[in-house]
file coords14.txt (compact mmCIF, N, CA and C atoms)
# COMPACT_ATOMS: atom_id res chain seq x y z
N MET K 178 31.33 -32.48 -56.54
CA MET K 178 30.82 -33.59 -55.78
C MET K 178 29.52 -34.10 -56.39
N LYS K 179 28.79 -33.26 -57.07
CA LYS K 179 27.48 -33.66 -57.59
C LYS K 179 27.58 -34.39 -58.92
N ILE K 180 28.76 -34.41 -59.54
CA ILE K 180 28.93 -35.09 -60.82
C ILE K 180 29.30 -36.54 -60.55
N ASP K 181 28.51 -37.47 -61.09
CA ASP K 181 28.80 -38.89 -60.91
C ASP K 181 30.17 -39.21 -61.52
N SER K 182 31.02 -39.89 -60.75
CA SER K 182 32.38 -40.16 -61.25
C SER K 182 32.98 -41.39 -60.60
N GLU K 183 32.20 -42.47 -60.51
CA GLU K 183 32.77 -43.70 -59.96
C GLU K 183 33.92 -44.16 -60.85
N SER K 184 34.85 -44.89 -60.26
CA SER K 184 36.04 -45.35 -60.97
C SER K 184 35.67 -45.96 -62.32
N GLY K 185 36.38 -45.51 -63.36
CA GLY K 185 36.13 -45.97 -64.72
C GLY K 185 35.11 -45.13 -65.47
N ASN K 186 34.46 -44.21 -64.79
CA ASN K 186 33.41 -43.39 -65.39
C ASN K 186 33.62 -41.91 -65.03
N GLU K 187 34.81 -41.40 -65.37
CA GLU K 187 35.19 -40.04 -64.97
C GLU K 187 35.02 -38.99 -66.07
N LYS K 188 34.46 -39.38 -67.22
CA LYS K 188 34.41 -38.46 -68.36
C LYS K 188 33.67 -37.16 -68.04
N ALA K 189 32.51 -37.24 -67.40
CA ALA K 189 31.72 -36.03 -67.13
C ALA K 189 32.46 -35.05 -66.23
N VAL K 190 33.12 -35.56 -65.20
CA VAL K 190 33.85 -34.66 -64.30
C VAL K 190 35.09 -34.10 -65.01
N ALA K 191 35.74 -34.90 -65.85
CA ALA K 191 36.90 -34.41 -66.59
C ALA K 191 36.51 -33.29 -67.55
N GLU K 192 35.40 -33.47 -68.26
CA GLU K 192 34.94 -32.43 -69.19
C GLU K 192 34.57 -31.15 -68.44
N THR K 193 33.96 -31.29 -67.28
CA THR K 193 33.60 -30.12 -66.48
C THR K 193 34.84 -29.38 -66.01
N LEU K 194 35.85 -30.13 -65.56
CA LEU K 194 37.09 -29.50 -65.10
C LEU K 194 37.80 -28.77 -66.24
N VAL K 195 37.85 -29.38 -67.42
CA VAL K 195 38.47 -28.72 -68.58
C VAL K 195 37.77 -27.39 -68.86
N GLU K 196 36.45 -27.40 -68.85
CA GLU K 196 35.69 -26.18 -69.12
C GLU K 196 35.94 -25.12 -68.05
N GLN K 197 35.85 -25.50 -66.79
CA GLN K 197 35.99 -24.52 -65.72
C GLN K 197 37.42 -24.00 -65.59
N LEU K 198 38.41 -24.87 -65.74
CA LEU K 198 39.80 -24.41 -65.69
C LEU K 198 40.10 -23.47 -66.85
N GLY K 199 39.58 -23.77 -68.04
CA GLY K 199 39.75 -22.89 -69.19
C GLY K 199 39.15 -21.52 -68.94
N GLN K 200 37.97 -21.49 -68.33
CA GLN K 200 37.32 -20.21 -68.02
C GLN K 200 38.11 -19.40 -67.01
N LEU K 201 38.88 -20.08 -66.17
CA LEU K 201 39.71 -19.39 -65.18
C LEU K 201 41.06 -18.94 -65.75
N GLY K 202 41.31 -19.23 -67.03
CA GLY K 202 42.53 -18.77 -67.67
C GLY K 202 43.65 -19.79 -67.74
N PHE K 203 43.39 -21.02 -67.34
CA PHE K 203 44.41 -22.06 -67.41
C PHE K 203 44.58 -22.54 -68.85
N GLU K 204 45.81 -22.89 -69.21
CA GLU K 204 46.09 -23.60 -70.45
C GLU K 204 45.88 -25.07 -70.14
N VAL K 205 44.89 -25.70 -70.77
CA VAL K 205 44.49 -27.06 -70.41
C VAL K 205 44.86 -28.04 -71.52
N THR K 206 45.48 -29.14 -71.14
CA THR K 206 45.83 -30.21 -72.06
C THR K 206 45.15 -31.49 -71.60
N GLN K 207 44.57 -32.22 -72.55
CA GLN K 207 43.94 -33.50 -72.24
C GLN K 207 44.83 -34.62 -72.75
N LEU K 208 45.00 -35.65 -71.95
CA LEU K 208 45.80 -36.81 -72.33
C LEU K 208 44.89 -38.03 -72.31
N SER K 209 44.73 -38.64 -73.47
CA SER K 209 43.85 -39.81 -73.54
C SER K 209 44.47 -40.98 -72.79
N ILE K 210 43.60 -41.84 -72.28
CA ILE K 210 44.03 -43.06 -71.60
C ILE K 210 43.21 -44.21 -72.18
N PRO K 211 43.69 -45.45 -72.04
CA PRO K 211 42.97 -46.58 -72.62
C PRO K 211 41.54 -46.70 -72.09
N GLY K 212 40.60 -46.99 -72.97
CA GLY K 212 39.21 -47.15 -72.59
C GLY K 212 38.98 -48.29 -71.62
N THR K 213 39.94 -49.20 -71.53
CA THR K 213 39.81 -50.29 -70.56
C THR K 213 40.05 -49.80 -69.14
N ILE K 214 40.63 -48.61 -69.00
CA ILE K 214 40.90 -48.02 -67.68
C ILE K 214 39.78 -47.07 -67.28
N SER K 215 39.35 -46.22 -68.23
CA SER K 215 38.33 -45.22 -67.92
C SER K 215 37.73 -44.69 -69.21
N ASN K 216 36.51 -44.13 -69.10
CA ASN K 216 35.94 -43.44 -70.25
C ASN K 216 36.38 -41.97 -70.28
N GLY K 217 37.17 -41.57 -69.30
CA GLY K 217 37.64 -40.18 -69.19
C GLY K 217 39.03 -40.00 -69.76
N PHE K 218 39.73 -39.02 -69.25
CA PHE K 218 41.07 -38.68 -69.71
C PHE K 218 41.79 -37.94 -68.60
N ASN K 219 43.11 -37.88 -68.69
CA ASN K 219 43.89 -37.10 -67.73
C ASN K 219 43.92 -35.64 -68.16
N ILE K 220 44.12 -34.76 -67.19
CA ILE K 220 44.14 -33.32 -67.44
C ILE K 220 45.42 -32.72 -66.87
N TYR K 221 46.05 -31.88 -67.67
CA TYR K 221 47.16 -31.05 -67.22
C TYR K 221 46.72 -29.61 -67.42
N ALA K 222 46.82 -28.80 -66.39
CA ALA K 222 46.40 -27.40 -66.48
C ALA K 222 47.52 -26.51 -65.97
N LYS K 223 47.85 -25.47 -66.74
CA LYS K 223 48.94 -24.57 -66.38
C LYS K 223 48.42 -23.14 -66.37
N LEU K 224 48.77 -22.42 -65.30
CA LEU K 224 48.42 -21.01 -65.19
C LEU K 224 49.71 -20.24 -64.99
N GLN K 225 50.04 -19.39 -65.95
CA GLN K 225 51.26 -18.61 -65.86
C GLN K 225 51.14 -17.58 -64.75
N GLY K 226 52.14 -17.51 -63.90
CA GLY K 226 52.15 -16.56 -62.80
C GLY K 226 53.23 -15.51 -62.98
N SER K 227 53.33 -14.63 -62.02
CA SER K 227 54.32 -13.56 -62.10
C SER K 227 55.41 -13.70 -61.04
N LEU K 228 55.27 -14.65 -60.14
CA LEU K 228 56.26 -14.85 -59.08
C LEU K 228 57.22 -15.97 -59.44
N GLU K 229 58.36 -16.00 -58.77
CA GLU K 229 59.35 -17.07 -58.97
C GLU K 229 58.80 -18.38 -58.43
N GLY K 230 59.23 -19.47 -59.02
CA GLY K 230 58.88 -20.79 -58.52
C GLY K 230 57.59 -21.33 -59.10
N SER K 231 57.30 -22.55 -58.71
CA SER K 231 56.12 -23.24 -59.22
C SER K 231 55.38 -23.92 -58.08
N ILE K 232 54.12 -24.14 -58.29
CA ILE K 232 53.30 -24.93 -57.37
C ILE K 232 52.62 -26.01 -58.20
N ILE K 233 52.65 -27.24 -57.71
CA ILE K 233 52.01 -28.35 -58.41
C ILE K 233 50.93 -28.94 -57.52
N PHE K 234 49.75 -29.12 -58.08
CA PHE K 234 48.66 -29.81 -57.41
C PHE K 234 48.38 -31.09 -58.18
N SER K 235 48.18 -32.17 -57.48
CA SER K 235 47.85 -33.45 -58.11
C SER K 235 46.63 -34.03 -57.41
N SER K 236 45.72 -34.56 -58.20
CA SER K 236 44.49 -35.10 -57.62
C SER K 236 43.94 -36.20 -58.52
N HIS K 237 42.88 -36.83 -58.06
CA HIS K 237 42.17 -37.81 -58.88
C HIS K 237 40.73 -37.37 -59.01
N MET K 238 40.03 -37.87 -60.03
CA MET K 238 38.67 -37.43 -60.30
C MET K 238 37.63 -38.48 -59.95
N ASP K 239 38.05 -39.70 -59.66
CA ASP K 239 37.07 -40.75 -59.43
C ASP K 239 36.65 -40.85 -57.97
N THR K 240 35.51 -41.46 -57.78
CA THR K 240 35.01 -41.75 -56.44
C THR K 240 34.78 -43.26 -56.34
N VAL K 241 34.67 -43.75 -55.14
CA VAL K 241 34.39 -45.17 -54.95
C VAL K 241 32.89 -45.37 -54.76
N THR K 242 32.45 -46.59 -54.88
CA THR K 242 31.04 -46.92 -54.69
C THR K 242 30.66 -46.72 -53.23
N PRO K 243 29.56 -46.12 -52.86
CA PRO K 243 28.59 -45.48 -53.75
C PRO K 243 29.01 -44.06 -54.09
N GLY K 244 29.21 -43.78 -55.37
CA GLY K 244 29.67 -42.46 -55.77
C GLY K 244 28.74 -41.77 -56.74
N ASN K 245 27.59 -42.37 -57.03
CA ASN K 245 26.62 -41.75 -57.93
C ASN K 245 25.48 -41.13 -57.13
N GLY K 246 24.96 -40.02 -57.61
CA GLY K 246 23.81 -39.39 -56.99
C GLY K 246 24.12 -38.68 -55.68
N ILE K 247 25.36 -38.28 -55.48
CA ILE K 247 25.74 -37.59 -54.24
C ILE K 247 25.16 -36.18 -54.27
N GLU K 248 24.53 -35.78 -53.20
CA GLU K 248 23.98 -34.43 -53.07
C GLU K 248 24.86 -33.62 -52.14
N PRO K 249 25.52 -32.59 -52.65
CA PRO K 249 26.38 -31.78 -51.79
C PRO K 249 25.57 -30.90 -50.83
N ILE K 250 26.15 -30.65 -49.68
CA ILE K 250 25.58 -29.75 -48.69
C ILE K 250 26.60 -28.64 -48.46
N ILE K 251 26.18 -27.39 -48.58
CA ILE K 251 27.07 -26.25 -48.36
C ILE K 251 26.58 -25.49 -47.15
N GLU K 252 27.40 -25.48 -46.09
CA GLU K 252 27.07 -24.77 -44.86
C GLU K 252 28.28 -23.99 -44.40
N ASP K 253 28.12 -22.69 -44.21
CA ASP K 253 29.20 -21.82 -43.74
C ASP K 253 30.45 -21.95 -44.60
N GLY K 254 30.27 -22.08 -45.93
CA GLY K 254 31.39 -22.16 -46.85
C GLY K 254 32.08 -23.51 -46.90
N ILE K 255 31.54 -24.51 -46.22
CA ILE K 255 32.13 -25.86 -46.22
C ILE K 255 31.24 -26.78 -47.04
N ILE K 256 31.86 -27.51 -47.98
CA ILE K 256 31.12 -28.44 -48.83
C ILE K 256 31.29 -29.85 -48.27
N SER K 257 30.18 -30.54 -48.05
CA SER K 257 30.22 -31.92 -47.59
C SER K 257 29.04 -32.66 -48.21
N ALA K 258 28.87 -33.92 -47.84
CA ALA K 258 27.73 -34.71 -48.30
C ALA K 258 26.90 -35.10 -47.09
N LYS K 259 25.78 -35.75 -47.34
CA LYS K 259 24.85 -36.09 -46.26
C LYS K 259 25.47 -37.01 -45.21
N GLY K 260 26.50 -37.73 -45.54
CA GLY K 260 27.09 -38.65 -44.58
C GLY K 260 26.81 -40.10 -44.91
N ASP K 261 26.10 -40.36 -46.01
CA ASP K 261 25.79 -41.73 -46.40
C ASP K 261 26.70 -42.25 -47.50
N THR K 262 27.81 -41.54 -47.75
CA THR K 262 28.81 -41.99 -48.72
C THR K 262 30.18 -41.88 -48.09
N ILE K 263 31.18 -42.39 -48.78
CA ILE K 263 32.55 -42.29 -48.29
C ILE K 263 33.00 -40.83 -48.23
N LEU K 264 32.34 -39.96 -49.02
CA LEU K 264 32.69 -38.54 -49.05
C LEU K 264 31.92 -37.73 -48.02
N GLY K 265 31.14 -38.39 -47.19
CA GLY K 265 30.22 -37.69 -46.32
C GLY K 265 30.80 -37.17 -45.02
N GLY K 266 32.10 -37.33 -44.80
CA GLY K 266 32.68 -36.87 -43.54
C GLY K 266 32.54 -35.37 -43.36
N ARG K 267 32.41 -34.96 -42.13
CA ARG K 267 32.31 -33.53 -41.83
C ARG K 267 33.41 -33.15 -40.89
call {"tool": "encode", "arguments": {"input": "coords14.txt", "output": "C-alpha cells"}}
result
Amino acid sequence: MKIDSESGNEKAVAETLVEQLGQLGFEVTQLSIPGTISNGFNIYAKLQGSLEGSIIFSSHMDTVTPGNGIEPIIEDGIISAKGDTILGGR
C-alpha cells in the first residue's frame, strides 16, 4: 500500500512483488507490456505444491487517484489507510 502505483506507473510495485515472491520460493516470470499502457510489466508467479489441484490468484497492481503517498495503518493485524483515499475503507 505504501508503494506509489497510480495507473500507468506500476513499475515500483511490480519490481517489489517480483523480489518478494522470489524470496518466498515462487518461480517468477515477467511479461513486458507496451509503454503506452504502463511503465511496469505483468507478473506470473508459480509455487510448486505437493497436493493435487491448483489454485489461481489474479490481481492488479495499480491504484486510482489519489494513489500516491498513501500511509498504511496496521492495527490488530489489519492493514488499512487513513481514510482519505479510495483504499481507506475499514
call {"tool": "atom_distance", "arguments": {"input": "coords14.txt", "atom1": "CA of Ala191 (chain K)", "atom2": "CA of Glu229 (chain K)"}}
result
29.4 Å
call {"tool": "residues_around", "arguments": {"input": "coords14.txt", "residues": "region 183-188 of chain K", "least_positions_apart": "4", "cutoff": "5 Å", "atoms": "only N, CA and C atoms", "output": "list of chain:residue names"}}
result
K:Glu192, K:Ile214, K:Ser215, K:Asn216, K:Gly217, K:Asp239, K:Thr240
call {"tool": "atom_distance", "arguments": {"input": "coords14.txt", "atom1": "CA of Leu224 (chain K)", "atom2": "CA of Glu252 (chain K)"}}
result
29.7 Å
call {"tool": "closest_residue", "arguments": {"input": "coords14.txt", "among": "K:Ser236, K:Gln200, K:Gln207, K:Thr193", "to": "Tyr221 (chain K)", "atoms": "all atoms listed in the file"}}
result
K:Gln207
call {"tool": "atom_distance", "arguments": {"input": "coords14.txt", "atom1": "CA of His237 (chain K)", "atom2": "CA of Asn219 (chain K)"}}
result
9.0 Å
